[in-house]
Structure formats: C-alpha cells, structure tokens
Amino acid sequence: MLDKKIITIAIDGPAAAGKSTVAKLVAKALNITYIDTGAMYRAFTWYALEKNVDCKNEEECLKLIPEIKIELKPNNIVLCNGLDVTRQIREPRVSSQVSYIASYKDIRLFLVEQQRKMAQKNSVVMDGRDIGTYVLPDADVKIFQIASVETRAVRRYDENVSKGIPCTLEEIENDVRSRDYIDSHRDFAPLKAAPDSVLLDTSYLTIEESVDKVLQIIEKKTGVTIDA
Ligand code: DC
C-alpha cells in the first residue's frame with residue numbers, strides 16, 4: 001500500500017507491449033484503480049463500426065461524439081451507451097481500425113477530459129500512449145514499456161486465443177506494426193516516451209518480473225515502501 005494521498009502512475013508504450021497486464025497487477029498490488037485508456041478508444045471504434053461509419057472518415061466519426069457514453073467499470077468491464085462491450089472491443093476488426101479513431105484530435109480531447117477526471121480524485125495506474133506526455137504530464141511515476149514486435153505479436157495472439165477471439169499470428173503482427181506506425185506518427189499527442197519516463201523492455205521478462213521492476217521504480221521514484 002502507498003502512504004501518499006493521491007499517486008498517479010503512467011504506463012505508456014506501443015501496442016501489445018503487455019502494459020495492461022502489468023498495469024492491472026501493479027494497481028492490484030497497490031490497491032489503487034487501473035484505467036485502461038486504450039479500451040476507451042476501442043469502445044469508440046466499436047460504436048463507429050456498429051453505426052457503419054467509416055473509421056477513416058474523420059468528419060463522420062466526429063459526429064458520433066455527442067451520442068456516445070463510455071464507462072470503465074470495476075473488473076475491467078467496458079460499457080458503451082450502457083452495453084457491455086468488454087469482449088467485442090478486443091476483436092481484430094476493432095484493433096485494425098482503432099488507430100484511425102485515436103488519431104482524431106477532437107475524439108482524443110473528448111476522451112482525455114474523462115481520463116483526467118478519473119485521476120483527479122483517486123490514485124491510479126493509467127496505461128496508454130500519451131499518458132506521461134499529455135494526459136497526466138505531472139504523473140508521479142512514468143514508465144515507457146516496450147518489447148520486440150515479434151514478442152508482442154505472440155503475446156497478443158496467445159491472449160486472443162485464450163479469450164476465444166479468432167485471429168492468425170500473421171494478422172496480429174501486421175496489425176501491431178501498422179498501429180505502431182499510425183500511433184507514433186499522428187500529429188496530436190503521438191506515442192512517444194516522456195523525457196522523464198523510465199524505459200522498461202519486457203522482451204525477456206516474465207509478467208512477474210515486469211511487475212516487480214515497476215514496483216521497484218515506483219518505490220524509488222516516490223520514496224514509499226510497498227509491501228505487495
Ligand atoms: O492499448 P490498446 O492496444 O488497447 O490501444 C488501442 C489503440 O488506442 C492504440 O492503437 C492506440 C490508441 N490509444 C491512444 O492513442 N492513446 C491512448 N492513451 C490509448 C490508446
């Protein structure tokens with residue numbers, strides 16, 4: 001447990017680097033809230049697809065903002081206009097389109113406002129692409145988590161298979177490469193390491209080792225003792 005009143009931990013990095021797995025376990029160890037910002041962009045994308053809106057058409061996508069309500073509930077449940085879309089937002093059809101949605105400034109501003117509110121009153125571990133650079137620039141701890149493309153593709157493939165989501169390894173690897181490119185080349189709040197972030201390469205680390213490293217970084221940065 002942390003003894004500081006409100007603490008914010010930002011974990012950024014490219015697609016499928018294991019951020020959410022690590023962030024969830026870190027949040028559990030610290031008994032604080034985990035916020036998966038990628039799930040919000042995914043829920044928006046799911047909604048656009050449901051409405052048969054072309055995710056590459058910015059103007060049409062922006063029109064959806066007033067009619068969409070995304071909620072992150074306990075146990076990582078994601079609601080979109082009250083509907084549980086937790087599973088659907090992980091499907092390849094959403095993954096392949098989400099970077100377009102995430103590149104639209106007005107959609108980002110709409111979701112970032114909600115993300116900042118969530119971190120105002122509670123200690124959080126928030127993962128995403130722009131948390132340390134844009135959403136929470138004053139975060140107490142910033143981690144930039146990376147792993148090789150091959151490692152990330154295999155991890156995401158295994159995760160999808162275990163959840164019964166149909167996909168191929170090739171499809172996942174292409175998706176990861178393409179999302180890396182779009183996420184890091186967009187104009188507004190692109191994926192990049194904050195200058196004051198700590199780089200964590202998990203290519204050769206187990207989940208437990210990655211979590212331990214993050215907890216050590218948190219202890220070092222905040223000066224608190226974690227008895228996880
Ligand atoms: O972490 P993820 O794979 O669930 O994220 C889905 C997409 O959302 C990802 O391709 C980039 C985008 N994203 C973003 O641009 N900014 C964030 N803070 C979180 C995710």
# chains A, B, ... in the order shown; residues from 1 in each chain; ligands from 1
$ residues_near_ligand --ligand "ligand 1" --cutoff "7 Å" --atoms "only C-alpha atoms and all ligand atoms" --output "PyMOL selection string"
chain A and resi 15-16+37-39+41-42+95+98-99+102-103+127-131+179+183
$ residues_around --residues "A:Asn174" --least-positions-apart "5" --cutoff "12 Å" --atoms "only C-alpha atoms" --output "MDAnalysis selection string"
chainID A and resid 15 92 95:96 149:150 152:154 156:157 167:169 179:181
$ write_last_selection --atoms "N, CA, C and O atoms" --output "PDB file, in the first residue's frame"
ATOM      1  N   ALA A  15       1.680  -0.899 -29.022  1.00  0.00           N
ATOM      2  CA  ALA A  15       0.609  -1.909 -28.946  1.00  0.00           C
ATOM      3  C   ALA A  15       1.143  -3.255 -28.463  1.00  0.00           C
ATOM      4  O   ALA A  15       2.230  -3.684 -28.863  1.00  0.00           O
ATOM      5  N   PRO A  92     -10.322  -8.413 -33.734  1.00  0.00           N
ATOM      6  CA  PRO A  92      -9.423  -7.845 -34.752  1.00  0.00           C
ATOM      7  C   PRO A  92     -10.064  -6.735 -35.577  1.00  0.00           C
ATOM      8  O   PRO A  92      -9.384  -5.786 -35.965  1.00  0.00           O
ATOM      9  N   SER A  95      -9.421  -3.757 -33.505  1.00  0.00           N
ATOM     10  CA  SER A  95      -7.972  -3.467 -33.408  1.00  0.00           C
ATOM     11  C   SER A  95      -7.441  -2.841 -34.692  1.00  0.00           C
ATOM     12  O   SER A  95      -6.608  -1.932 -34.656  1.00  0.00           O
ATOM     13  N   SER A  96      -7.928  -3.316 -35.825  1.00  0.00           N
ATOM     14  CA  SER A  96      -7.376  -2.832 -37.091  1.00  0.00           C
ATOM     15  C   SER A  96      -7.831  -1.404 -37.426  1.00  0.00           C
ATOM     16  O   SER A  96      -7.225  -0.750 -38.268  1.00  0.00           O
ATOM     17  N   VAL A 149       8.641  -6.451 -31.662  1.00  0.00           N
ATOM     18  CA  VAL A 149       7.382  -6.669 -32.388  1.00  0.00           C
ATOM     19  C   VAL A 149       6.990  -8.151 -32.331  1.00  0.00           C
ATOM     20  O   VAL A 149       5.822  -8.489 -32.086  1.00  0.00           O
ATOM     21  N   GLU A 150       7.967  -9.029 -32.525  1.00  0.00           N
ATOM     22  CA  GLU A 150       7.680 -10.470 -32.546  1.00  0.00           C
ATOM     23  C   GLU A 150       7.125 -10.922 -31.190  1.00  0.00           C
ATOM     24  O   GLU A 150       6.130 -11.630 -31.123  1.00  0.00           O
ATOM     25  N   ARG A 152       5.655  -9.116 -28.957  1.00  0.00           N
ATOM     26  CA  ARG A 152       4.329  -8.521 -28.735  1.00  0.00           C
ATOM     27  C   ARG A 152       3.252  -9.253 -29.523  1.00  0.00           C
ATOM     28  O   ARG A 152       2.152  -9.501 -29.020  1.00  0.00           O
ATOM     29  N   ALA A 153       3.590  -9.624 -30.771  1.00  0.00           N
ATOM     30  CA  ALA A 153       2.595 -10.312 -31.606  1.00  0.00           C
ATOM     31  C   ALA A 153       2.239 -11.673 -31.007  1.00  0.00           C
ATOM     32  O   ALA A 153       1.055 -12.028 -30.918  1.00  0.00           O
ATOM     33  N   VAL A 154       3.243 -12.406 -30.551  1.00  0.00           N
ATOM     34  CA  VAL A 154       2.978 -13.732 -29.970  1.00  0.00           C
ATOM     35  C   VAL A 154       2.129 -13.591 -28.698  1.00  0.00           C
ATOM     36  O   VAL A 154       1.158 -14.317 -28.491  1.00  0.00           O
ATOM     37  N   ARG A 156       0.015 -11.161 -27.902  1.00  0.00           N
ATOM     38  CA  ARG A 156      -1.363 -10.772 -28.211  1.00  0.00           C
ATOM     39  C   ARG A 156      -2.128 -11.931 -28.850  1.00  0.00           C
ATOM     40  O   ARG A 156      -3.317 -12.144 -28.577  1.00  0.00           O
ATOM     41  N   TYR A 157      -1.410 -12.720 -29.661  1.00  0.00           N
ATOM     42  CA  TYR A 157      -2.025 -13.884 -30.299  1.00  0.00           C
ATOM     43  C   TYR A 157      -2.488 -14.874 -29.208  1.00  0.00           C
ATOM     44  O   TYR A 157      -3.636 -15.332 -29.208  1.00  0.00           O
ATOM     45  N   CYS A 167      -8.127 -15.304 -34.795  1.00  0.00           N
ATOM     46  CA  CYS A 167      -7.106 -14.468 -35.422  1.00  0.00           C
ATOM     47  C   CYS A 167      -5.946 -15.359 -35.856  1.00  0.00           C
ATOM     48  O   CYS A 167      -5.886 -16.522 -35.480  1.00  0.00           O
ATOM     49  N   THR A 168      -5.044 -14.800 -36.681  1.00  0.00           N
ATOM     50  CA  THR A 168      -3.820 -15.539 -37.023  1.00  0.00           C
ATOM     51  C   THR A 168      -2.644 -14.706 -36.524  1.00  0.00           C
ATOM     52  O   THR A 168      -2.770 -13.482 -36.345  1.00  0.00           O
ATOM     53  N   LEU A 169      -1.491 -15.386 -36.349  1.00  0.00           N
ATOM     54  CA  LEU A 169      -0.307 -14.681 -35.847  1.00  0.00           C
ATOM     55  C   LEU A 169       0.132 -13.611 -36.847  1.00  0.00           C
ATOM     56  O   LEU A 169       0.516 -12.498 -36.464  1.00  0.00           O
ATOM     57  N   ARG A 179      -0.273  -0.365 -36.314  1.00  0.00           N
ATOM     58  CA  ARG A 179      -0.691   0.530 -35.231  1.00  0.00           C
ATOM     59  C   ARG A 179       0.482   1.313 -34.663  1.00  0.00           C
ATOM     60  O   ARG A 179       0.363   2.498 -34.351  1.00  0.00           O
ATOM     61  N   ASP A 180       1.640   0.663 -34.539  1.00  0.00           N
ATOM     62  CA  ASP A 180       2.842   1.371 -34.056  1.00  0.00           C
ATOM     63  C   ASP A 180       3.097   2.584 -34.934  1.00  0.00           C
ATOM     64  O   ASP A 180       3.384   3.668 -34.449  1.00  0.00           O
ATOM     65  N   TYR A 181       3.000   2.347 -36.255  1.00  0.00           N
ATOM     66  CA  TYR A 181       3.309   3.423 -37.196  1.00  0.00           C
ATOM     67  C   TYR A 181       2.303   4.571 -37.045  1.00  0.00           C
ATOM     68  O   TYR A 181       2.685   5.735 -36.858  1.00  0.00           O
TER      69      TYR A 181
END
$ atom_distance --atom1 "atom CA of A:Arg116" --atom2 "atom CA of A:Val53"
27.6 Å
$ closest_residue --among "A:Cys55, A:Val141, A:Leu49, A:Ala43" --to "A:Ile77" --atoms "only C-alpha atoms"
A:Ala43
$ closest_residue --among "A:Val211, A:Val125, A:Leu199, A:Ile101" --to "A:Phe144" --atoms "only C-alpha atoms"
A:Leu199
$ closest_residue --among "A:Pro137, A:Gly18, A:Gly13, A:Pro74" --to "A:Lys192" --atoms "only C-alpha atoms"
A:Gly13
